[in-house]
Structures are given as structure tokens and as C-alpha cells.
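Next comes upload01.cif, with mmCIF, C-alpha atoms.
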data_protein
#
loop_
_atom_site.group_PDB
_atom_site.id
_atom_site.type_symbol
_atom_site.label_atom_id
_atom_site.label_comp_id
_atom_site.auth_asym_id
_atom_site.auth_seq_id
_atom_site.Cartn_x
_atom_site.Cartn_y
_atom_site.Cartn_z
ATOM 1 C CA MET A 6 32.916 9.307 44.619
ATOM 2 C CA SER A 7 36.500 8.306 45.367
ATOM 3 C CA LEU A 8 37.987 9.025 48.764
ATOM 4 C CA TYR A 9 40.339 11.603 47.241
ATOM 5 C CA ASP A 10 38.047 13.308 44.719
ATOM 6 C CA ASP A 11 37.076 16.135 47.042
ATOM 7 C CA PRO A 12 40.197 16.738 49.164
ATOM 8 C CA LEU A 13 42.733 16.281 46.343
ATOM 9 C CA GLY A 14 40.788 16.435 43.073
ATOM 10 C CA SER A 15 39.383 19.880 43.852
ATOM 11 C CA ILE A 16 42.724 21.531 44.493
ATOM 12 C CA LEU A 17 44.350 19.692 41.567
ATOM 13 C CA ILE A 18 41.748 20.999 39.105
ATOM 14 C CA GLY A 19 42.004 24.431 40.708
ATOM 15 C CA SER A 20 45.773 24.449 40.104
ATOM 16 C CA TRP A 21 45.242 23.478 36.443
ATOM 17 C CA ILE A 22 42.842 26.362 35.862
ATOM 18 C CA SER A 23 45.184 28.694 37.744
ATOM 19 C CA SER A 24 48.051 27.674 35.465
ATOM 20 C CA MET A 25 46.041 28.481 32.342
ATOM 21 C CA LEU A 26 45.001 31.854 33.730
ATOM 22 C CA PHE A 27 48.584 32.603 34.737
ATOM 23 C CA MET A 28 49.714 32.073 31.141
ATOM 24 C CA LEU A 29 47.194 34.732 30.155
ATOM 25 C CA ILE A 30 48.627 36.997 32.867
ATOM 26 C CA ILE A 31 52.121 36.551 31.411
ATOM 27 C CA THR A 32 50.838 37.394 27.924
ATOM 28 C CA LYS A 33 48.990 40.488 29.125
ATOM 29 C CA THR A 34 51.961 41.631 31.204
ATOM 30 C CA ILE A 35 54.291 41.400 28.201
ATOM 31 C CA THR A 36 51.728 43.274 26.100
ATOM 32 C CA TYR A 37 51.490 46.022 28.700
ATOM 33 C CA TYR A 38 55.226 46.589 29.101
ATOM 34 C CA THR A 39 55.976 46.456 25.375
ATOM 35 C CA SER A 40 53.030 48.556 24.212
ATOM 36 C CA PHE A 41 52.683 51.238 26.892
ATOM 37 C CA LYS A 42 56.256 52.304 27.522
ATOM 38 C CA SER A 43 55.226 55.898 28.149
ATOM 39 C CA ASP A 44 53.187 55.033 31.258
ATOM 40 C CA ALA A 45 54.368 56.461 34.546
ATOM 41 C CA LEU A 46 57.061 54.525 36.391
ATOM 42 C CA ARG A 47 54.886 54.188 39.486
ATOM 43 C CA LEU A 48 52.200 52.459 37.419
ATOM 44 C CA LYS A 49 54.729 50.063 35.917
ATOM 45 C CA LEU A 50 56.049 49.256 39.393
ATOM 46 C CA PHE A 51 52.475 48.781 40.610
ATOM 47 C CA VAL A 52 51.819 46.215 37.865
ATOM 48 C CA ALA A 53 55.135 44.465 38.571
ATOM 49 C CA PHE A 54 54.290 44.219 42.264
ATOM 50 C CA ALA A 55 50.800 42.828 41.542
ATOM 51 C CA VAL A 56 52.155 40.169 39.156
ATOM 52 C CA THR A 57 54.915 39.247 41.650
ATOM 53 C CA VAL A 58 52.402 38.789 44.471
ATOM 54 C CA ASP A 59 50.214 36.669 42.202
ATOM 55 C CA THR A 60 53.241 34.541 41.290
ATOM 56 C CA LEU A 61 53.805 33.870 44.987
ATOM 57 C CA SER A 62 50.133 32.946 45.275
ATOM 58 C CA LEU A 63 50.520 30.436 42.439
ATOM 59 C CA ILE A 64 53.582 28.958 44.147
ATOM 60 C CA GLY A 65 51.421 28.455 47.234
ATOM 61 C CA ASP A 66 48.818 26.665 45.107
ATOM 62 C CA TYR A 67 51.422 24.347 43.596
ATOM 63 C CA ALA A 68 53.050 23.659 46.972
ATOM 64 C CA ASP A 69 49.691 22.760 48.483
ATOM 65 C CA VAL A 70 48.947 20.258 45.723
ATOM 66 C CA TYR A 71 52.465 18.813 45.784
ATOM 67 C CA LEU A 72 52.502 18.218 49.536
ATOM 68 C CA TYR A 73 49.192 16.367 49.499
ATOM 69 C CA THR A 74 49.573 14.420 46.264
ATOM 70 C CA VAL A 75 53.312 13.649 46.169
ATOM 71 C CA SER A 76 55.258 14.217 49.377
ATOM 72 C CA HIS A 77 52.561 12.773 51.665
ATOM 73 C CA TRP A 78 50.486 10.704 49.253
ATOM 74 C CA GLY A 79 48.176 8.346 51.138
ATOM 75 C CA ASP A 80 49.067 9.822 54.538
ATOM 76 C CA GLN A 81 45.638 10.160 56.149
ATOM 77 C CA VAL A 82 47.027 11.981 59.182
ATOM 78 C CA PHE A 83 48.690 14.616 56.987
ATOM 79 C CA LEU A 84 45.483 15.098 54.987
ATOM 80 C CA ARG A 85 43.603 16.160 58.099
ATOM 81 C CA SER A 86 45.550 19.393 58.506
ATOM 82 C CA GLN A 87 46.358 22.571 56.553
ATOM 83 C CA TYR A 88 49.910 23.826 56.228
ATOM 84 C CA TRP A 89 51.945 26.884 55.199
ATOM 85 C CA PRO A 90 50.732 26.971 51.545
ATOM 86 C CA PHE A 91 47.246 27.839 52.849
ATOM 87 C CA ALA A 92 48.575 30.900 54.639
ATOM 88 C CA LEU A 93 50.607 31.905 51.581
ATOM 89 C CA TYR A 94 47.861 31.787 48.965
ATOM 90 C CA LEU A 95 45.221 33.295 51.261
ATOM 91 C CA THR A 96 47.469 36.244 52.149
ATOM 92 C CA THR A 97 48.534 36.883 48.558
ATOM 93 C CA THR A 98 44.952 36.581 47.309
ATOM 94 C CA GLY A 99 43.925 39.240 49.799
ATOM 95 C CA VAL A 100 46.755 41.478 48.590
ATOM 96 C CA THR A 101 45.923 41.084 44.877
ATOM 97 C CA GLY A 102 42.292 41.877 45.635
ATOM 98 C CA LEU A 103 43.401 44.977 47.526
ATOM 99 C CA LEU A 104 45.620 46.107 44.620
ATOM 100 C CA SER A 105 43.033 45.514 41.887
ATOM 101 C CA GLN A 106 40.198 47.207 43.749
ATOM 102 C CA SER A 107 42.408 50.145 44.743
ATOM 103 C CA PHE A 108 43.384 50.659 41.118
ATOM 104 C CA LEU A 109 39.746 50.760 40.017
ATOM 105 C CA VAL A 110 38.795 53.135 42.835
ATOM 106 C CA ASN A 111 41.656 55.412 41.798
ATOM 107 C CA ARG A 112 40.318 55.345 38.235
ATOM 108 C CA TYR A 113 36.856 56.238 39.475
ATOM 109 C CA TYR A 114 38.294 59.146 41.466
ATOM 110 C CA ALA A 115 40.162 60.372 38.373
ATOM 111 C CA LEU A 116 36.849 60.437 36.512
ATOM 112 C CA THR A 117 34.660 62.011 39.178
ATOM 113 C CA LYS A 118 36.786 63.590 41.939
ATOM 114 C CA ASN A 119 34.102 62.251 44.282
ATOM 115 C CA TRP A 120 36.254 61.679 47.347
ATOM 116 C CA LEU A 121 33.318 60.783 49.603
ATOM 117 C CA VAL A 122 32.359 57.708 47.565
ATOM 118 C CA CYS A 123 36.024 56.769 47.208
ATOM 119 C CA VAL A 124 36.526 56.916 50.984
ATOM 120 C CA PHE A 125 33.560 54.572 51.452
ATOM 121 C CA LEU A 126 34.974 52.165 48.865
ATOM 122 C CA ALA A 127 38.394 52.352 50.513
ATOM 123 C CA ILE A 128 36.841 51.373 53.850
ATOM 124 C CA CYS A 129 35.169 48.367 52.176
ATOM 125 C CA ILE A 130 38.512 47.338 50.656
ATOM 126 C CA ILE A 131 40.296 47.593 54.009
ATOM 127 C CA VAL A 132 37.570 45.573 55.755
ATOM 128 C CA SER A 133 37.788 42.904 53.063
ATOM 129 C CA PHE A 134 41.569 42.689 53.363
ATOM 130 C CA GLY A 135 41.277 42.556 57.143
ATOM 131 C CA GLY A 136 38.958 39.568 56.831
ATOM 132 C CA SER A 137 41.495 37.658 54.731
ATOM 133 C CA VAL A 138 44.305 38.433 57.192
ATOM 134 C CA ALA A 139 42.144 37.311 60.124
ATOM 135 C CA MET A 140 41.496 34.018 58.324
ATOM 136 C CA VAL A 141 45.222 33.415 57.977
ATOM 137 C CA PHE A 142 45.909 34.018 61.683
ATOM 138 C CA ILE A 143 43.111 31.661 62.712
ATOM 139 C CA LEU A 144 44.174 28.917 60.289
ATOM 140 C CA VAL A 145 47.762 29.101 61.492
ATOM 141 C CA ARG A 146 46.560 28.593 65.063
ATOM 142 C CA PHE A 147 43.842 26.008 64.281
ATOM 143 C CA ASN A 148 45.023 24.119 61.215
ATOM 144 C CA GLU A 149 42.905 20.961 61.441
ATOM 145 C CA TYR A 150 40.173 20.535 58.812
ATOM 146 C CA SER A 151 37.785 19.757 61.651
ATOM 147 C CA GLU A 152 38.468 23.254 63.031
ATOM 148 C CA ARG A 153 37.656 25.093 59.807
ATOM 149 C CA PHE A 154 34.346 26.266 61.248
ATOM 150 C CA MET A 155 36.336 28.770 63.313
ATOM 151 C CA ILE A 156 37.030 30.935 60.250
ATOM 152 C CA LYS A 157 33.341 31.285 59.386
ATOM 153 C CA THR A 158 33.087 34.915 60.529
ATOM 154 C CA PRO A 159 36.265 36.289 58.874
ATOM 155 C CA ALA A 160 35.647 34.212 55.736
ATOM 156 C CA SER A 161 32.119 35.576 55.424
ATOM 157 C CA LEU A 162 33.381 39.098 56.072
ATOM 158 C CA TRP A 163 36.169 38.811 53.517
ATOM 159 C CA LEU A 164 34.217 37.247 50.666
ATOM 160 C CA THR A 165 31.009 39.229 51.181
ATOM 161 C CA THR A 166 32.719 42.624 51.341
ATOM 162 C CA THR A 167 34.910 41.641 48.381
ATOM 163 C CA ALA A 168 31.872 40.798 46.262
ATOM 164 C CA VAL A 169 29.950 43.915 47.338
ATOM 165 C CA THR A 170 32.960 46.161 46.670
ATOM 166 C CA ASP A 171 33.518 44.679 43.214
ATOM 167 C CA ILE A 172 29.871 45.170 42.276
ATOM 168 C CA LEU A 173 29.800 48.747 43.608
ATOM 169 C CA ILE A 174 32.965 49.719 41.740
ATOM 170 C CA SER A 175 31.614 48.242 38.505
ATOM 171 C CA LEU A 176 28.242 49.976 38.819
ATOM 172 C CA LEU A 177 29.838 53.322 39.647
ATOM 173 C CA LEU A 178 32.241 53.125 36.711
ATOM 174 C CA ILE A 179 29.464 52.061 34.338
ATOM 175 C CA TRP A 180 27.237 54.928 35.476
ATOM 176 C CA GLN A 181 30.030 57.479 35.123
ATOM 177 C CA LEU A 182 30.883 56.243 31.627
ATOM 178 C CA TYR A 183 27.207 56.230 30.693
ATOM 179 C CA LYS A 184 26.973 59.930 31.566
ATOM 180 C CA MET A 185 29.786 60.803 29.152
ATOM 181 C CA LYS A 186 28.071 62.208 26.064
ATOM 182 C CA THR A 187 29.570 62.315 22.586
ATOM 183 C CA SER A 188 28.368 62.633 19.016
ATOM 184 C CA PHE A 189 31.209 60.513 17.662
ATOM 185 C CA LYS A 190 30.564 56.878 16.811
ATOM 186 C CA THR A 191 34.176 55.895 17.551
ATOM 187 C CA THR A 192 34.178 57.465 20.990
ATOM 188 C CA GLU A 193 30.706 56.151 21.727
ATOM 189 C CA HIS A 194 31.840 52.646 20.793
ATOM 190 C CA LEU A 195 34.825 53.000 23.111
ATOM 191 C CA ILE A 196 32.662 54.087 26.026
ATOM 192 C CA HIS A 197 30.362 51.103 25.488
ATOM 193 C CA ARG A 198 33.399 48.829 25.374
ATOM 194 C CA LEU A 199 34.680 50.241 28.672
ATOM 195 C CA MET A 200 31.263 49.770 30.251
ATOM 196 C CA HIS A 201 31.137 46.185 29.027
ATOM 197 C CA THR A 202 34.611 45.455 30.429
ATOM 198 C CA SER A 203 33.752 46.980 33.811
ATOM 199 C CA MET A 204 30.615 44.866 34.010
ATOM 200 C CA GLN A 205 32.443 41.656 33.042
ATOM 201 C CA THR A 206 35.386 42.026 35.410
ATOM 202 C CA GLY A 207 33.279 43.122 38.375
ATOM 203 C CA THR A 208 30.761 40.341 37.841
ATOM 204 C CA THR A 209 33.421 37.653 37.466
ATOM 205 C CA THR A 210 35.255 38.436 40.701
ATOM 206 C CA SER A 211 32.071 38.922 42.731
ATOM 207 C CA VAL A 212 30.455 35.692 41.468
ATOM 208 C CA LEU A 213 33.657 33.758 42.163
ATOM 209 C CA ALA A 214 33.952 35.186 45.692
ATOM 210 C CA LEU A 215 30.325 34.369 46.491
ATOM 211 C CA SER A 216 30.742 30.846 45.061
ATOM 212 C CA ILE A 217 33.704 30.247 47.376
ATOM 213 C CA LEU A 218 31.659 31.446 50.336
ATOM 214 C CA ILE A 219 28.645 29.286 49.445
ATOM 215 C CA PHE A 220 30.705 26.103 49.027
ATOM 216 C CA TYR A 221 32.467 26.815 52.322
ATOM 217 C CA LEU A 222 29.204 27.388 54.212
ATOM 218 C CA VAL A 223 27.625 24.248 52.736
ATOM 219 C CA ASN A 224 30.563 22.053 53.772
ATOM 220 C CA ASN A 225 33.420 23.745 55.608
ATOM 221 C CA THR A 226 35.646 20.656 55.393
ATOM 222 C CA SER A 227 35.387 20.421 51.598
ATOM 223 C CA ASN A 228 38.240 21.535 49.364
ATOM 224 C CA ILE A 229 35.964 22.706 46.538
ATOM 225 C CA ALA A 230 36.058 26.200 48.038
ATOM 226 C CA THR A 231 39.846 25.902 48.254
ATOM 227 C CA GLY A 232 40.131 24.998 44.571
ATOM 228 C CA LEU A 233 38.037 28.025 43.632
ATOM 229 C CA CYS A 234 40.113 30.217 45.932
ATOM 230 C CA PHE A 235 43.192 29.206 43.901
ATOM 231 C CA ILE A 236 41.633 31.002 40.922
ATOM 232 C CA LEU A 237 40.554 34.221 42.644
ATOM 233 C CA SER A 238 43.984 35.868 42.727
ATOM 234 C CA ARG A 239 44.510 35.224 38.976
ATOM 235 C CA VAL A 240 41.177 36.830 38.178
ATOM 236 C CA TYR A 241 41.997 39.959 40.173
ATOM 237 C CA VAL A 242 45.322 40.462 38.410
ATOM 238 C CA LEU A 243 43.692 39.859 35.025
ATOM 239 C CA THR A 244 41.113 42.524 35.910
ATOM 240 C CA LEU A 245 43.956 44.975 36.463
ATOM 241 C CA LEU A 246 45.769 44.020 33.250
ATOM 242 C CA PHE A 247 42.646 44.026 31.076
ATOM 243 C CA ASN A 248 41.826 47.548 32.234
ATOM 244 C CA LEU A 249 45.350 48.722 31.466
ATOM 245 C CA THR A 250 45.646 47.106 28.025
ATOM 246 C CA LEU A 251 42.182 48.099 26.851
ATOM 247 C CA ARG A 252 43.634 51.371 25.586
ATOM 248 C CA LYS A 253 44.856 51.798 22.036
ATOM 249 C CA ILE A 254 48.575 51.266 21.606
ATOM 250 C CA PRO A 255 50.247 54.693 21.437
ATOM 251 C CA LYS A 256 52.343 55.690 18.447
ATOM 252 C CA LYS A 257 56.070 55.113 18.502
ATOM 253 C CA GLU A 258 58.463 57.895 19.296
ATOM 254 C CA GLY A 259 59.242 60.153 16.394
ATOM 255 C CA THR A 260 55.690 60.666 15.223
ATOM 256 C CA SER A 261 54.475 64.154 14.516
ATOM 257 C CA SER A 262 53.851 66.549 17.339
ATOM 258 C CA THR A 263 50.148 66.478 16.557
ATOM 259 C CA ASP A 264 49.902 63.164 18.414
ATOM 260 C CA ARG A 265 49.421 65.230 21.518
ATOM 261 C CA GLY A 266 47.852 68.598 21.901
ATOM 262 C CA ASP A 267 45.476 70.867 23.686
ATOM 263 C CA SER A 268 41.885 70.619 22.625
ATOM 264 C CA ARG A 269 38.926 72.667 23.636
ATOM 265 C CA CYS A 270 35.531 71.742 24.923
ATOM 266 C CA HIS A 271 32.666 74.124 25.559
ATOM 267 C CA ILE A 272 30.760 73.621 28.747
ATOM 268 C CA GLY A 273 27.923 75.342 29.066
ATOM 269 C CA PRO A 274 26.397 78.216 30.262
ATOM 270 C CA SER A 275 26.764 78.502 34.011
ATOM 271 C CA ILE A 276 26.185 81.309 36.474
ATOM 272 C CA ALA A 277 29.115 83.037 38.141
ATOM 273 C CA ASP A 278 28.375 86.027 40.400
ATOM 274 C CA GLY A 279 24.942 86.400 38.818
ATOM 275 C CA ILE A 280 26.330 86.568 35.253
ATOM 276 C CA HIS A 281 25.758 83.827 32.687
ATOM 277 C CA VAL A 282 29.130 82.630 31.464
ATOM 278 C CA GLN A 283 30.050 80.311 28.586
ATOM 279 C CA ARG A 284 33.268 78.660 29.751
ATOM 280 C CA THR A 285 35.808 76.976 27.516
ATOM 281 C CA ALA A 286 38.081 74.394 29.111
ATOM 282 C CA VAL A 287 41.394 73.309 27.656
ATOM 283 C CA VAL A 288 41.779 69.550 27.805
ATOM 284 C CA HIS A 289 45.040 67.677 27.219
ATOM 285 C CA ILE A 290 44.462 64.884 24.702
ATOM 286 C CA GLU A 291 46.743 61.851 24.846
ATOM 287 C CA ASN A 292 47.560 59.479 22.009
ATOM 288 C CA SER A 293 44.174 57.887 21.639
ATOM 289 C CA VAL A 294 40.506 58.366 22.123
ATOM 290 C CA ASP A 295 40.757 55.860 24.970
ATOM 291 C CA ASP A 296 42.675 58.400 27.034
ATOM 292 C CA LEU A 297 39.986 60.952 26.287
ATOM 293 C CA ALA A 298 37.335 58.617 27.627
ATOM 294 C CA MET A 299 39.331 57.590 30.678
ATOM 295 C CA THR A 300 40.904 60.897 31.694
ATOM 296 C CA VAL A 301 38.400 63.490 30.537
ATOM 297 C CA SER A 302 35.046 63.002 32.180
ATOM 298 C CA SER A 303 34.206 66.392 33.626
ATOM 299 C CA CYS A 304 35.229 70.030 33.781
ATOM 300 C CA ARG A 305 34.828 71.657 37.148
ATOM 301 C CA SER A 306 33.562 75.170 37.853
ATOM 302 C CA GLN A 307 36.242 77.555 39.067
ATOM 303 C CA ASN A 308 33.978 79.296 41.550
ATOM 304 C CA ASP A 309 31.593 76.820 43.116
ATOM 305 C CA ASP A 310 33.474 73.500 42.714
ATOM 306 C CA LYS A 311 30.434 71.881 41.150
ATOM 307 C CA GLN A 312 30.889 69.311 38.435
ATOM 308 C CA ILE A 313 29.690 70.401 35.005
ATOM 309 C CA PRO A 314 28.934 67.738 32.360
ATOM 310 C CA LEU A 315 31.363 67.546 29.501
ATOM 311 C CA VAL A 316 29.804 67.447 26.046
ATOM 312 C CA VAL A 317 32.177 66.320 23.340
ATOM 313 C CA SER A 318 30.986 67.370 19.924
ATOM 314 C CA SER A 319 33.858 66.577 17.595
ATOM 315 C CA TYR A 320 37.038 64.556 17.461
ATOM 316 C CA ARG A 321 39.593 64.509 14.670
ATOM 317 C CA SER A 322 41.901 61.721 13.536
ATOM 318 C CA GLN A 323 45.115 60.949 15.463
ATOM 319 C CA ASN A 324 47.252 61.833 12.466
ATOM 320 C CA LYS A 325 45.716 65.313 12.152
ATOM 321 C CA ASP A 326 45.327 68.236 14.482
ATOM 322 C CA ARG A 327 42.582 67.302 16.919
ATOM 323 C CA GLU A 328 40.055 69.674 18.348
ATOM 324 C CA VAL A 329 37.114 69.074 20.628
ATOM 325 C CA VAL A 330 34.536 71.822 20.361
#
Give the structure from this file in C-alpha cells form.
Amino acid sequence: MSLYDDPLGSILIGSWISSMLFMLIITKTITYYTSFKSDALRLKLFVAFAVTVDTLSLIGDYADVYLYTVSHWGDQVFLRSQYWPFALYLTTTGVTGLLSQSFLVNRYYALTKNWLVCVFLAICIIVSFGGSVAMVFILVRFNEYSERFMIKTPASLWLTTTAVTDILISLLLIWQLYKMKTSFKTTEHLIHRLMHTSMQTGTTTSVLALSILIFYLVNNTSNIATGLCFILSRVYVLTLLFNLTLRKIPKKEGTSSTDRGDSRCHIGPSIADGIHVQRTAVVHIENSVDDLAMTVSSCRSQNDDKQIPLVVSSYRSQNKDREVV
């Protein structure tokens, strides 16, 4: 192996892969803003902020490669230390992870209203982000490659909690989607597609985070972990964008008023004050069955605040009046 294969080759290949993934981010971002114009402004700003932070992370990746391979090529003294690009891409990677995981936790809360689980997940996210910030402070103070062992604790904390949080969020979303019952093939196919996407995105980020940790623990002076870390921020932003663009593209303005409407679902029989009651809940249906799957997961009892399963028994075409009975 050449003298520069590990310290320079690893980060160079990592920057190449990051560039390819960033092109996909640009494509997905354009798709989101052109296809989902009716989304709330706060969500659009959230996506813009996430993509901006990831762009800064990519700049840090490029700057790191440029300093080592161009500005200070062959400078053995320079190669022994880590500089400002490390702090930049580590900080921004922690932020993109925080944003992506927070978005998915918010989606889980919208489906379940289970604040206790969401609080636990939020604590995991904060601990993970704290680990990444602690790494940055230590690396700024001790920037020699020979001193990398000093970030072992915060690195382990960051990457382990990140992986565990991603897996937990994926499993919880998959389980919640699995519990959604429907007799419609189209809706059932959508639910399976959402489950598949949750499994893929959660597995990808967790496997990547654990791979970074393993390579670091095996050889803490190697840049293989650094090259993989270049990719992590891209994957988190893609997770966010894939979840947002998975929905069907809504109809353009000017379509008939039947594109939106109130539909009914029967939930059934419960006990209120000792009397068996058959409740009917009115559910607002958005432009596509995707919104039904993502926003309608349960109807809650008015009296005891217990979650009652939603059984969807029929769904009409978008271009006709839709009713869920």
C-alpha cells in the first residue's frame, strides 16, 4: 500500500461519493419544491435549512481534501494534524443528523400522539448531537492525529446513540404502519412502500454510523473512518428528502373541489359511561392516499383519551367524491 493510500486516498474517495450523493440531493430538492408547493412554509424552510447545512458540510469535505492534496501536497508535518475542515464537517454532520431524526420523530408523533416515546427519542437525539459537539471541541484543542484517541468516548457516544436512535425510529414507524388496516389494495401497497422506505433509510444510516465507529476503534489514526464520515451527512439529508417526496404529487390548482373533502370512518364500538357507542370520526383527506396513510393513523376517544384503531374499509378515486366508511 502506498504511503498516501490511507490518509489521502480515503478522504478523496469519500469526497467523490459525497459529490454523487449531493447531486441526488439537488435533484430531490428541486422535485420537492416544484411538486409540493402547497406544503407549509415552515416545512419548506426546514428543508432549505437542512440542505444549506449539508452544503456547508460538503464544503468542509472539499476543503479538507484540497488542503492535504493540493495546498500542502507532500508536507509530512502538515499531514500529521487536523484543521478547520474537520470541525466544520463534524459539526454540520451532527446538525443534519439532528434535523433528520427530529423530522422522523415528529412524523411518529403525528401518527401516534405517544409523547412518552417521543420524549425518549428526543433525549437520544440530544445525547447523540452532544457527542458530536464534544468531538469537535476536543479535536480543536488536540488536533494531532496521534491524539485522536482522546475522542474515543464522545465518538462512541455519538455514533452508537445515532445508530440506536435510527433503528428505534425505523422500527417504531414500521410497527405503527403495520397496525394500519385497510381493505384497499392501493392503500395497502402504499403502507408497505412506506414500511420498506423506513426500513431502508434507518438501516443505511445506522450501518454507516457503526461502520465509522468500527474503523475508528480498529485504527484511530486511519482516515477510512473520516472518508465514511464525509458520506453520513448526505445520507441523513437524503433520508429527509425521500420521506418528503414519497407522497403522490398533488393536483395543480384549479382542479375540482372534490380533491379535498371530509370523509368518514367508523370506529368501533366503545364504552362511554357504561353505554356502548358506535362513534363516527370525520377525517380530512388530502390530495392523495399517501396523506391518508401518513396523517390518519388513529381516532382518539373523547372521554378516556385512549387510542382506538382506525379501520379503513373503502376509498374512492381522487377525481370523484371520496368517502371512507
Listing only residues of region 101-198 of chain A within 10 Å of region 52-63 of chain A, what is the closest atom pair and its distance in Å (to one decimal) for each, using only C-alpha atoms, sorted by chain and residue number ascending, as CSV?
residue,atom,partner,partner_atom,distance
A:Thr101,CA,A:Ala55,CA,6.2
A:Gly102,CA,A:Ala55,CA,9.5
A:Leu103,CA,A:Ala55,CA,9.8
A:Leu104,CA,A:Ala55,CA,6.9
A:Ser105,CA,A:Ala55,CA,8.2
Reference answer for the PyMOL selection byres ((chain A and resi 145) around 12), as a CSV table (one decimal) with C-alpha atoms, keeping the file's coordinate frame:
chain,number,residue,atom,x,y,z
A,86,SER,CA,45.6,19.4,58.5
A,87,GLN,CA,46.4,22.6,56.6
A,88,TYR,CA,49.9,23.8,56.2
A,89,TRP,CA,51.9,26.9,55.2
A,90,PRO,CA,50.7,27.0,51.5
A,91,PHE,CA,47.2,27.8,52.8
A,92,ALA,CA,48.6,30.9,54.6
A,93,LEU,CA,50.6,31.9,51.6
A,95,LEU,CA,45.2,33.3,51.3
A,96,THR,CA,47.5,36.2,52.1
A,138,VAL,CA,44.3,38.4,57.2
A,139,ALA,CA,42.1,37.3,60.1
A,140,MET,CA,41.5,34.0,58.3
A,141,VAL,CA,45.2,33.4,58.0
A,142,PHE,CA,45.9,34.0,61.7
A,143,ILE,CA,43.1,31.7,62.7
A,144,LEU,CA,44.2,28.9,60.3
A,146,ARG,CA,46.6,28.6,65.1
A,147,PHE,CA,43.8,26.0,64.3
A,148,ASN,CA,45.0,24.1,61.2
A,149,GLU,CA,42.9,21.0,61.4
A,150,TYR,CA,40.2,20.5,58.8
A,152,GLU,CA,38.5,23.3,63.0
A,153,ARG,CA,37.7,25.1,59.8
A,155,MET,CA,36.3,28.8,63.3
A,156,ILE,CA,37.0,30.9,60.2
message = Need to verify the contact set: Val110 (chain A), 8 Å, all atoms listed in the file, exclusion of same-chain residues closer than 3 positions in sequence. Can you return it as a PyMOL selection string?
response = chain A and resi 106-107+113-114+123+126-127+174
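Nearest to Thr244 (chain A) of all the residues A:Leu173, A:Ile30, A:Leu213, A:Leu121 is A:Ile30, counting only C-alpha atoms.
Minimum atom-to-atom distance to Lys157 (chain A), evaluated using only C-alpha atoms, belongs to A:Leu222 out of A:Leu26, A:Leu50, A:Val70, A:Leu222.
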ask   = So which residues get picked by the PyMOL selection byres ((chain A and resi 72) around 12) here, written as number ranges by chain?
value = A: 13, 16-17, 65-71, 73-80, 83-84, 86-91
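Closest to Gly136 (chain A) among A:Ala115, A:Leu162, A:Val124, A:Leu182 is A:Leu162, based on all atoms listed in the file.
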Let me know the centre plus edge lengths, in Å and rounded to one decimal, of a box with edges along x, y and z that contains all listed atoms of region 82-88 of chain A and is padded by 6 Å on every side, as JSON.
{"center_x": 46.8, "center_y": 17.9, "center_z": 57.1, "size_x": 18.3, "size_y": 23.8, "size_z": 16.2}
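Of the listed residues (A:Ser23, A:Ala160, A:Val240, A:Thr167), A:Ala160 comes nearest to Ile219 (chain A); the distances count only C-alpha atoms.
You can rank A:Leu233, A:Leu243, A:Thr98, A:Leu218 by their closest distance to Trp21 (chain A) using all atoms listed in the file, and at the top of that list sits A:Leu233.
Remark: for Val100 (chain A), the closest of the candidate residues A:Leu178, A:Phe134, A:Asn224, A:Ala214 is A:Phe134 (distances computed over only C-alpha atoms).
Going from CA of Leu237 (chain A) over to CA of Val212 (chain A), you cover 10.3 Å.
Note that CA of Thr210 (chain A) and CA of Ile172 (chain A) are 8.8 Å apart.
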